[in-house]
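Asks: Pasting a structure below so you can have a look.
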Amino acid sequence: MSRRGSDKSSALLALTSSALLLPAYQGARADAPPEFMEAGMRYSKYEEDNTQGKKTFGGSSQRYDIDAAQFHLLAPVADNWAFALDVQWEDMSGASPWFVGESASGEPKVIMSGASIEDTRTEVSVTTRYYYDRGNAGVNYVRSDEDDYDSNALALDGAFNSSDGLTTYGGALSFSADDIEPTQGSVPTNTLKNDKDISSAWIGVSRIISTRSLLRFGLSFTYRDGFLTDPYKLNDNRPDERKEWTISTGYRHFFDAPNAALHADYRYFDDDWGVGSHTLDLAWYQNLGDLTQLIPYARYYSQGQADFFGNLVDLSDRYYSQDYRLSSFGAITVGLRLRQELGNWVVNLSGERYRTDESWGVYNGDESPALVDYWRYSFGLDYIFR
Amino acid sequence: MAGFEHCFKAMGGPCRLRFDCADEALAQRALEAVEAEVLRLEHKYSRYRADSLTSQINRAAGTGAAVAIDQETAALLGFAETLWEQSGGMFDLTAGILRRAWDFKSGQLPTQTRIDELLPLIGWQRVQWDQHSIHLPLRGMEIDFGGCVKEYASDSAATLLAGLGIERALVDLAGDMAVVAEGAAARPWTVGIRHPSQPEQAIAWVQLTRGGLASSGDYARCLLVEGRRYGHILNPASGWPVQGLSAVSVLAPQCLVAGGSATIALLKPEAEALQWLGELGLPWLAVDSQLVCHGSLADTSANMSARHSISQEGNTE
Amino acid sequence: MNVLRCLVCLLLAFGLCACETVEPWERGALAKREMQWAPDAMEISLQAQINASKEASSGGMGAAGGGCGCN
């Protein structure tokens with residue numbers, strides 16, 4: 001009856017958007033593209049703490065800094081389609097752990113890559129989505145490029161609502177082909193040129209369980225095949241296959257009295273390298289009036305070490321790695337985000353702190369001297385084309 | 001698929017519900033649910049019921065006490081405010097008190113003094129409200145949801161039926177209609193728009209697959225004094241009738257939006273109203289004071305057979 | 001595994017939730033922005049990328065996608 005586009009007067013748009021806030025229309029829009037086009041950008045600064053002096057050969061060293069800019073565009077097209085474009089630029093520089101050696105007193109200490117790494121990564125993602133009355137389906141292509149790595153990935157996903165609209169079933173499949181050609185010069189590399197493939201499948205179900213709460217479950221399986229070793233780490237040789245599973249659950253609850261929402265998400269991860277992990281994310285979305293939102297959040301993460309991880313490795317073993325990312329540790333993130341609406345604009349400001357410690361985890365293992373801590377700050381601007 | 005029909009009285013007029021359903025038990029549930037929902041809204045917002053939310057709000061006028069409201073009421077007030085903005089202040093929920101001056105049954109015009117007493121109590125800008133409560137600051141102020149609730153009830157009933165899985169339905173609340181006609185098998189509903197001066201005749205026929213049709217008219221109640229016609233659509237700023245269109249019907253994805261648009265058009269002077277409707281972007285029909293038809297629906301109805309009368313509306317093949 | 005047992009119980013509870021129905025007009029609160037699974041898509045995507053680069057786990061609510069040479 002009515003068509004999207006400029007033949008709708010502003011009077012009609014005003015009346016319609018005002019009417020749609022009423023309860024009788026909430027369920028009617030079962031599955032539809034977003035009402036308005038929206039664009040957004042984010043600028044983030046990521047700064048790792050220097051390594052600890054007593055854990056590093058040569059004393060405390062600088063680590064990694066990343067400047068990241070994200071751009072997002074989402075546009076409804078015709079009555080049933082939506083198109084999204086996401087672009088990300090990252091500028092990375094700094095030093096990263098090269099290998100771990102034994103100090104005179106027998107303690108493991110990290111040796112950092114001396115010269116500074118400079119790398120720029122660009123990622124472009126395009127998604128086309130089709131909406132029908134009971135759900136939607138999307139196709140997504142991502143290409144990313146950096147000095148030593150490029151990736152092409154294709155993904156398909158779909159969602160289907162039950163007839164009462166209370167349950168949504170979802171699934172996704174993705175495949176990516178990545179190429180690696182490590183930058184020569186600062187450290188000797190484990191390969192000159194190689195590649196890897198990543199295939200992944202996910203299914204999930206989400207359900208409205210009360211007038212104020214939602215619950216969801218998800219299962220995923222990922223298969224990595226190819227060169228999985230870190231090319232820049234001296235003592236690193238990993239299997240050329242990795243199978244990963246995750247099971248996750250999420251909960252959302254809206255509290256009328258404080259006018260706030262609680263987000264809780266949990267994920268259990270397991271793979272055939274011996275790594276297991278628990279992740280718990282909590283966030284509190286506190287509304288302050290109609291235009292302002294304050295979101296404190298926290299994350300707890302604990303992982304167990306890979307079977308072949310060791311601070312000091314035996315090169316006669318089939319597989320080995322000193323990479324702290326495969327070690328056993330616990331990590332805690334604490335952050336705060338502020339969201340402010342100004343007419344059709346939205347401003348976002350956030351800051352978070354991430355810290356790791358072996359004793360914070362629930363798994364036992366060797367503490368890597370190269371565990372990382374960082375700060376991240378972000379500034380964002382969104383615009384809705386009403 | 002059997003056809004079900006249910007008539008009941010609500011919202012100050014005859015209400016008719018028609019739908020197709022294969023399961024009799026579901027049909028019974030649907031009938032009861034629709035009637036319950038329409039009566040719920042009537043009980044909540046009717047000015048005539050002492051226990052309604054509207055009466056509660058009106059009784060608290062001028063006492064300094066704000067009345068707590070829920071999300072549905074807040075959203076309805078928000079929609080009424082949008083109508084007030086889009087009509088340039090002509091659609092005003094507080095203008096209902098003018099009925100104290102205008103007695104259409106007596107045949108007499110009100111005195112200017114009486115109207116002047118009421119004008120200071122009118123004005124949406126005076127109302128203090130937010131998402132949680134509403135307060136009318138002056139004693140004697142009143143709000144009247146009559147202009148929105150019937151159309152909203154039609155939409156709510158249609159949503160309810162669609163939610164129960166009924167694929168073809170027509171809800172007609174005294175002329176404000178909402179339909180459901182989803183699914184491959186569901187045929188559109190053919191509905192007629194009543195002719196302003198010949199109630200048994202349709203002035204235009206419309207095919208509806210979803211959304212609503214709302215009609216507003218100024219032809220029913222009026223005063224004829226010394227050859228001049230005074231309609232019942234009143235200007236809230238002056239307290240006197242507007243010189244506007246005779247009848248307006250609008251089609252929209254929501255009966256509420258259709259009704260709001262029709263009401264705004266009736267509050268404007270004729271020429272301005274016709275232009276506003278033309279630019280709106282919805283199918284419309286208007287009858288002016290000379291009984292000439294305008295609008296996108298006026299063109300298409302010429303193609304429909306003239307034999308159809310309003311008593312056959314609905315399942316015309 | 002203890003974790004798996006816990007989650008199976010939750011899944012059963014999830015299935016049993018079929019008892020309570022929520023009508024379309026009662027779902028207003030659920031449509032609020034802060035009740036979305038991912039209210040800020042750019043933020044989620046950056047966080048996920050950082051976490052996957054600095055930890056051994058990745059994935060969760062969706063298929064994996066492509067990798068990066070994150071160091």
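Labeling convention for the structure tokens: chains A, B, ... as they appear, residues from 1 per chain, ligands from 1 in order of appearance.
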So that I can see what lies close to Gly135 (chain A), please list as a count of residues only the residues with an atom at most 8 Å from it, counting only C-alpha atoms and leaving out residues fewer than 6 positions away in the same chain.
Replies: 6
Asks: Among region 71-135 of chain B, which residues does DSSP mark as helix (DSSP H, G or I) when it is run on the backbone? Keep the chain and numbering as in the structure and answer as an mmCIF file with C-alpha atoms, in the first residue's frame.
Replies:
```
data_model
loop_
_atom_site.group_PDB
_atom_site.id
_atom_site.type_symbol
_atom_site.label_atom_id
_atom_site.label_comp_id
_atom_site.auth_asym_id
_atom_site.auth_seq_id
_atom_site.Cartn_x
_atom_site.Cartn_y
_atom_site.Cartn_z
ATOM 1 C CA GLN B 71 3.357 2.599 28.228
ATOM 2 C CA GLU B 72 0.246 2.238 26.053
ATOM 3 C CA THR B 73 -1.236 5.532 27.303
ATOM 4 C CA ALA B 74 2.083 7.323 26.995
ATOM 5 C CA ALA B 75 2.417 6.133 23.403
ATOM 6 C CA LEU B 76 -1.169 7.226 22.650
ATOM 7 C CA LEU B 77 -0.475 10.670 24.120
ATOM 8 C CA GLY B 78 2.655 10.776 21.995
ATOM 9 C CA PHE B 79 0.622 10.032 18.894
ATOM 10 C CA ALA B 80 -1.935 12.691 19.851
ATOM 11 C CA GLU B 81 0.911 15.148 20.249
ATOM 12 C CA THR B 82 2.206 14.250 16.779
ATOM 13 C CA LEU B 83 -1.294 14.934 15.413
ATOM 14 C CA TRP B 84 -1.275 18.260 17.246
ATOM 15 C CA GLU B 85 2.084 19.173 15.690
ATOM 16 C CA GLN B 86 1.199 17.992 12.182
ATOM 17 C CA LEU B 93 -7.010 16.441 22.803
ATOM 18 C CA THR B 94 -8.146 19.164 25.247
ATOM 19 C CA ALA B 95 -10.720 20.691 22.886
ATOM 20 C CA GLY B 96 -13.488 18.266 23.862
ATOM 21 C CA ILE B 97 -14.864 20.644 26.505
ATOM 22 C CA LEU B 98 -16.292 22.809 23.728
ATOM 23 C CA ARG B 99 -19.220 20.372 23.741
ATOM 24 C CA ARG B 100 -20.369 22.235 26.861
ATOM 25 C CA GLN B 112 -19.507 34.085 22.637
ATOM 26 C CA THR B 113 -19.301 34.571 26.421
ATOM 27 C CA ARG B 114 -19.760 30.863 26.997
ATOM 28 C CA ILE B 115 -17.065 30.054 24.441
ATOM 29 C CA ASP B 116 -14.726 32.651 25.954
ATOM 30 C CA GLU B 117 -15.081 30.938 29.327
ATOM 31 C CA LEU B 118 -13.905 27.651 27.846
ATOM 32 C CA LEU B 119 -11.038 28.800 25.613
ATOM 33 C CA PRO B 120 -8.497 29.349 28.472
ATOM 34 C CA LEU B 121 -8.980 25.698 29.456
ATOM 35 C CA TRP B 124 -2.318 20.889 24.433
ATOM 36 C CA GLN B 125 0.699 23.010 25.261
ATOM 37 C CA ARG B 126 -0.730 23.452 28.759
#
```
Asks: Would you work out the distance separating CA of Ala61 (chain B) from CA of Ser18 (chain A), expressed in Å to one decimal?
Replies: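 So the two atoms, CA of Ala61 (chain B) and CA of Ser18 (chain A), lie 25.9 Å apart.
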Asks: Based on only C-alpha atoms, which of the residues in chain A come within 6 Å of chain C? I want them as an MDAnalysis selection string.
Replies: chainID A and resid 23:24 26:27 149 153 172:174 176 200:202 211 325:326
Asks: Please, which residues in region 117-186 of chain B fall within 12 Å of region 282-296 of chain A when counting only C-alpha atoms, and what is the closest atom pair and distance in Å to one decimal for each, ordered by chain then residue number, as a tab-separated table?
Replies:
```
residue	atom	partner	partner_atom	distance
B:Asp130	CA	A:Asp290	CA	10.5
B:Gln131	CA	A:Asp290	CA	9.5
B:His132	CA	A:Gly289	CA	11.7
```
Asks: Name the residues in contact with region 119-127 of chain A at a cut-off of 7 Å, using only C-alpha atoms, excluding same-chain residues fewer than 4 positions from it; report them as a PDB file with N, CA and C atoms, in the first residue's frame.
Replies:
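Resulting contents of around19.pdb:
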```
ATOM      1  N   PHE A  83      21.146  -3.494   2.882  1.00  0.00           N
ATOM      2  CA  PHE A  83      22.518  -3.621   2.446  1.00  0.00           C
ATOM      3  C   PHE A  83      23.421  -2.990   3.507  1.00  0.00           C
ATOM      4  N   ALA A  84      24.507  -3.671   3.843  1.00  0.00           N
ATOM      5  CA  ALA A  84      25.416  -3.109   4.844  1.00  0.00           C
ATOM      6  C   ALA A  84      26.835  -3.108   4.320  1.00  0.00           C
ATOM      7  N   LEU A  85      27.530  -2.045   4.622  1.00  0.00           N
ATOM      8  CA  LEU A  85      28.944  -1.916   4.261  1.00  0.00           C
ATOM      9  C   LEU A  85      29.707  -1.595   5.539  1.00  0.00           C
ATOM     10  N   ASP A  86      30.742  -2.357   5.817  1.00  0.00           N
ATOM     11  CA  ASP A  86      31.566  -2.103   6.998  1.00  0.00           C
ATOM     12  C   ASP A  86      33.021  -2.052   6.575  1.00  0.00           C
ATOM     13  N   VAL A  87      33.689  -0.995   6.928  1.00  0.00           N
ATOM     14  CA  VAL A  87      35.101  -0.844   6.577  1.00  0.00           C
ATOM     15  C   VAL A  87      35.885  -0.601   7.850  1.00  0.00           C
ATOM     16  N   GLN A  88      37.061  -1.201   7.929  1.00  0.00           N
ATOM     17  CA  GLN A  88      37.892  -1.017   9.115  1.00  0.00           C
ATOM     18  C   GLN A  88      39.333  -0.798   8.689  1.00  0.00           C
ATOM     19  N   TRP A  89      39.944   0.224   9.239  1.00  0.00           N
ATOM     20  CA  TRP A  89      41.373   0.474   9.033  1.00  0.00           C
ATOM     21  C   TRP A  89      42.068   0.339  10.370  1.00  0.00           C
ATOM     22  N   GLU A  90      43.181  -0.377  10.401  1.00  0.00           N
ATOM     23  CA  GLU A  90      43.935  -0.440  11.638  1.00  0.00           C
ATOM     24  C   GLU A  90      45.380  -0.125  11.332  1.00  0.00           C
ATOM     25  N   ASP A  91      45.979   0.668  12.216  1.00  0.00           N
ATOM     26  CA  ASP A  91      47.370   1.021  12.097  1.00  0.00           C
ATOM     27  C   ASP A  91      48.065   0.424  13.317  1.00  0.00           C
ATOM     28  N   MET A  92      48.924  -0.572  13.090  1.00  0.00           N
ATOM     29  CA  MET A  92      49.528  -1.259  14.228  1.00  0.00           C
ATOM     30  C   MET A  92      51.007  -0.974  14.296  1.00  0.00           C
ATOM     31  N   SER A  93      51.516  -0.755  15.488  1.00  0.00           N
ATOM     32  CA  SER A  93      52.959  -0.573  15.619  1.00  0.00           C
ATOM     33  C   SER A  93      53.403  -1.024  16.993  1.00  0.00           C
ATOM     34  N   GLY A 138      21.001 -13.758   4.868  1.00  0.00           N
ATOM     35  CA  GLY A 138      22.016 -12.808   4.433  1.00  0.00           C
ATOM     36  C   GLY A 138      23.226 -13.479   3.832  1.00  0.00           C
ATOM     37  N   VAL A 139      23.891 -12.750   2.965  1.00  0.00           N
ATOM     38  CA  VAL A 139      25.159 -13.182   2.373  1.00  0.00           C
ATOM     39  C   VAL A 139      26.181 -12.107   2.687  1.00  0.00           C
ATOM     40  N   ASN A 140      27.369 -12.536   3.115  1.00  0.00           N
ATOM     41  CA  ASN A 140      28.370 -11.564   3.535  1.00  0.00           C
ATOM     42  C   ASN A 140      29.731 -11.933   2.953  1.00  0.00           C
ATOM     43  N   TYR A 141      30.402 -10.960   2.408  1.00  0.00           N
ATOM     44  CA  TYR A 141      31.752 -11.176   1.898  1.00  0.00           C
ATOM     45  C   TYR A 141      32.698 -10.213   2.609  1.00  0.00           C
ATOM     46  N   VAL A 142      33.819 -10.748   3.102  1.00  0.00           N
ATOM     47  CA  VAL A 142      34.795  -9.897   3.777  1.00  0.00           C
ATOM     48  C   VAL A 142      36.150 -10.090   3.132  1.00  0.00           C
ATOM     49  N   ARG A 143      36.786  -8.990   2.847  1.00  0.00           N
ATOM     50  CA  ARG A 143      38.174  -9.088   2.373  1.00  0.00           C
ATOM     51  C   ARG A 143      39.034  -8.252   3.311  1.00  0.00           C
ATOM     52  N   SER A 144      40.133  -8.838   3.768  1.00  0.00           N
ATOM     53  CA  SER A 144      41.029  -8.035   4.588  1.00  0.00           C
ATOM     54  C   SER A 144      42.432  -8.150   4.044  1.00  0.00           C
ATOM     55  N   ASP A 145      43.157  -7.065   4.170  1.00  0.00           N
ATOM     56  CA  ASP A 145      44.493  -6.961   3.604  1.00  0.00           C
ATOM     57  C   ASP A 145      45.428  -6.305   4.581  1.00  0.00           C
ATOM     58  N   GLU A 146      46.582  -6.929   4.812  1.00  0.00           N
ATOM     59  CA  GLU A 146      47.629  -6.213   5.551  1.00  0.00           C
ATOM     60  C   GLU A 146      48.954  -6.591   4.925  1.00  0.00           C
ATOM     61  N   ASP A 147      50.035  -6.001   5.397  1.00  0.00           N
ATOM     62  CA  ASP A 147      51.328  -6.187   4.731  1.00  0.00           C
ATOM     63  C   ASP A 147      51.687  -7.658   4.562  1.00  0.00           C
TER      64      ASP A 147
END
```
Asks: Using only C-alpha atoms, find the residues of chain B whose closest atom to chain A is at most 9 Å away, then write them as an mmCIF file with C-alpha atoms, in the first residue's frame.
Replies:
```
data_model
loop_
_atom_site.group_PDB
_atom_site.id
_atom_site.type_symbol
_atom_site.label_atom_id
_atom_site.label_comp_id
_atom_site.auth_asym_id
_atom_site.auth_seq_id
_atom_site.Cartn_x
_atom_site.Cartn_y
_atom_site.Cartn_z
ATOM 1 C CA GLN B 71 3.357 2.599 28.228
ATOM 2 C CA GLU B 72 0.246 2.238 26.053
ATOM 3 C CA THR B 73 -1.236 5.532 27.303
ATOM 4 C CA ALA B 74 2.083 7.323 26.995
ATOM 5 C CA ALA B 75 2.417 6.133 23.403
ATOM 6 C CA LEU B 76 -1.169 7.226 22.650
ATOM 7 C CA GLY B 78 2.655 10.776 21.995
ATOM 8 C CA PHE B 79 0.622 10.032 18.894
ATOM 9 C CA ALA B 80 -1.935 12.691 19.851
ATOM 10 C CA THR B 82 2.206 14.250 16.779
ATOM 11 C CA LEU B 83 -1.294 14.934 15.413
ATOM 12 C CA GLN B 86 1.199 17.992 12.182
ATOM 13 C CA TYR B 152 -6.274 2.042 17.508
ATOM 14 C CA ALA B 153 -8.732 -0.602 18.680
ATOM 15 C CA ASP B 155 -5.511 -2.153 14.609
ATOM 16 C CA SER B 156 -5.121 -3.900 17.943
ATOM 17 C CA ALA B 157 -7.904 -6.348 17.043
ATOM 18 C CA ALA B 158 -6.324 -7.038 13.648
ATOM 19 C CA THR B 159 -2.913 -7.671 15.249
ATOM 20 C CA LEU B 160 -4.548 -10.016 17.716
ATOM 21 C CA ALA B 162 -3.010 -12.159 12.898
ATOM 22 C CA GLY B 163 -1.171 -13.309 16.006
ATOM 23 C CA LEU B 164 -3.670 -16.169 16.418
ATOM 24 C CA GLY B 165 -2.826 -17.319 12.904
ATOM 25 C CA LEU B 208 -7.757 -3.932 1.181
ATOM 26 C CA THR B 209 -5.092 -6.569 1.816
ATOM 27 C CA ARG B 210 -3.657 -5.133 5.012
ATOM 28 C CA GLY B 211 -3.777 -2.022 7.065
ATOM 29 C CA LEU B 251 -6.027 4.188 3.618
ATOM 30 C CA ALA B 252 -2.853 3.449 5.584
ATOM 31 C CA PRO B 253 -0.879 0.475 6.874
ATOM 32 C CA GLN B 254 -2.284 1.371 10.274
ATOM 33 C CA LEU B 256 -4.664 4.750 13.461
ATOM 34 C CA VAL B 257 -2.507 6.630 10.960
ATOM 35 C CA GLY B 260 -5.280 10.646 12.293
ATOM 36 C CA SER B 261 -4.709 11.798 8.716
ATOM 37 C CA GLU B 279 1.076 15.506 -0.674
ATOM 38 C CA LEU B 280 0.568 12.984 2.105
ATOM 39 C CA GLY B 281 1.534 9.878 0.130
ATOM 40 C CA LEU B 282 -1.471 7.722 1.056
ATOM 41 C CA PRO B 283 -4.536 6.755 -0.999
#
```
Asks: Residues at most 12 Å from region 48-58 of chain B, counting only C-alpha atoms, excluding those fewer than 3 positions away in the same chain, as a ChimeraX atom specification?
Replies: /B:11-12,39-45,61-70,72-73,77,93-94,96-97,127-129,133-146,149
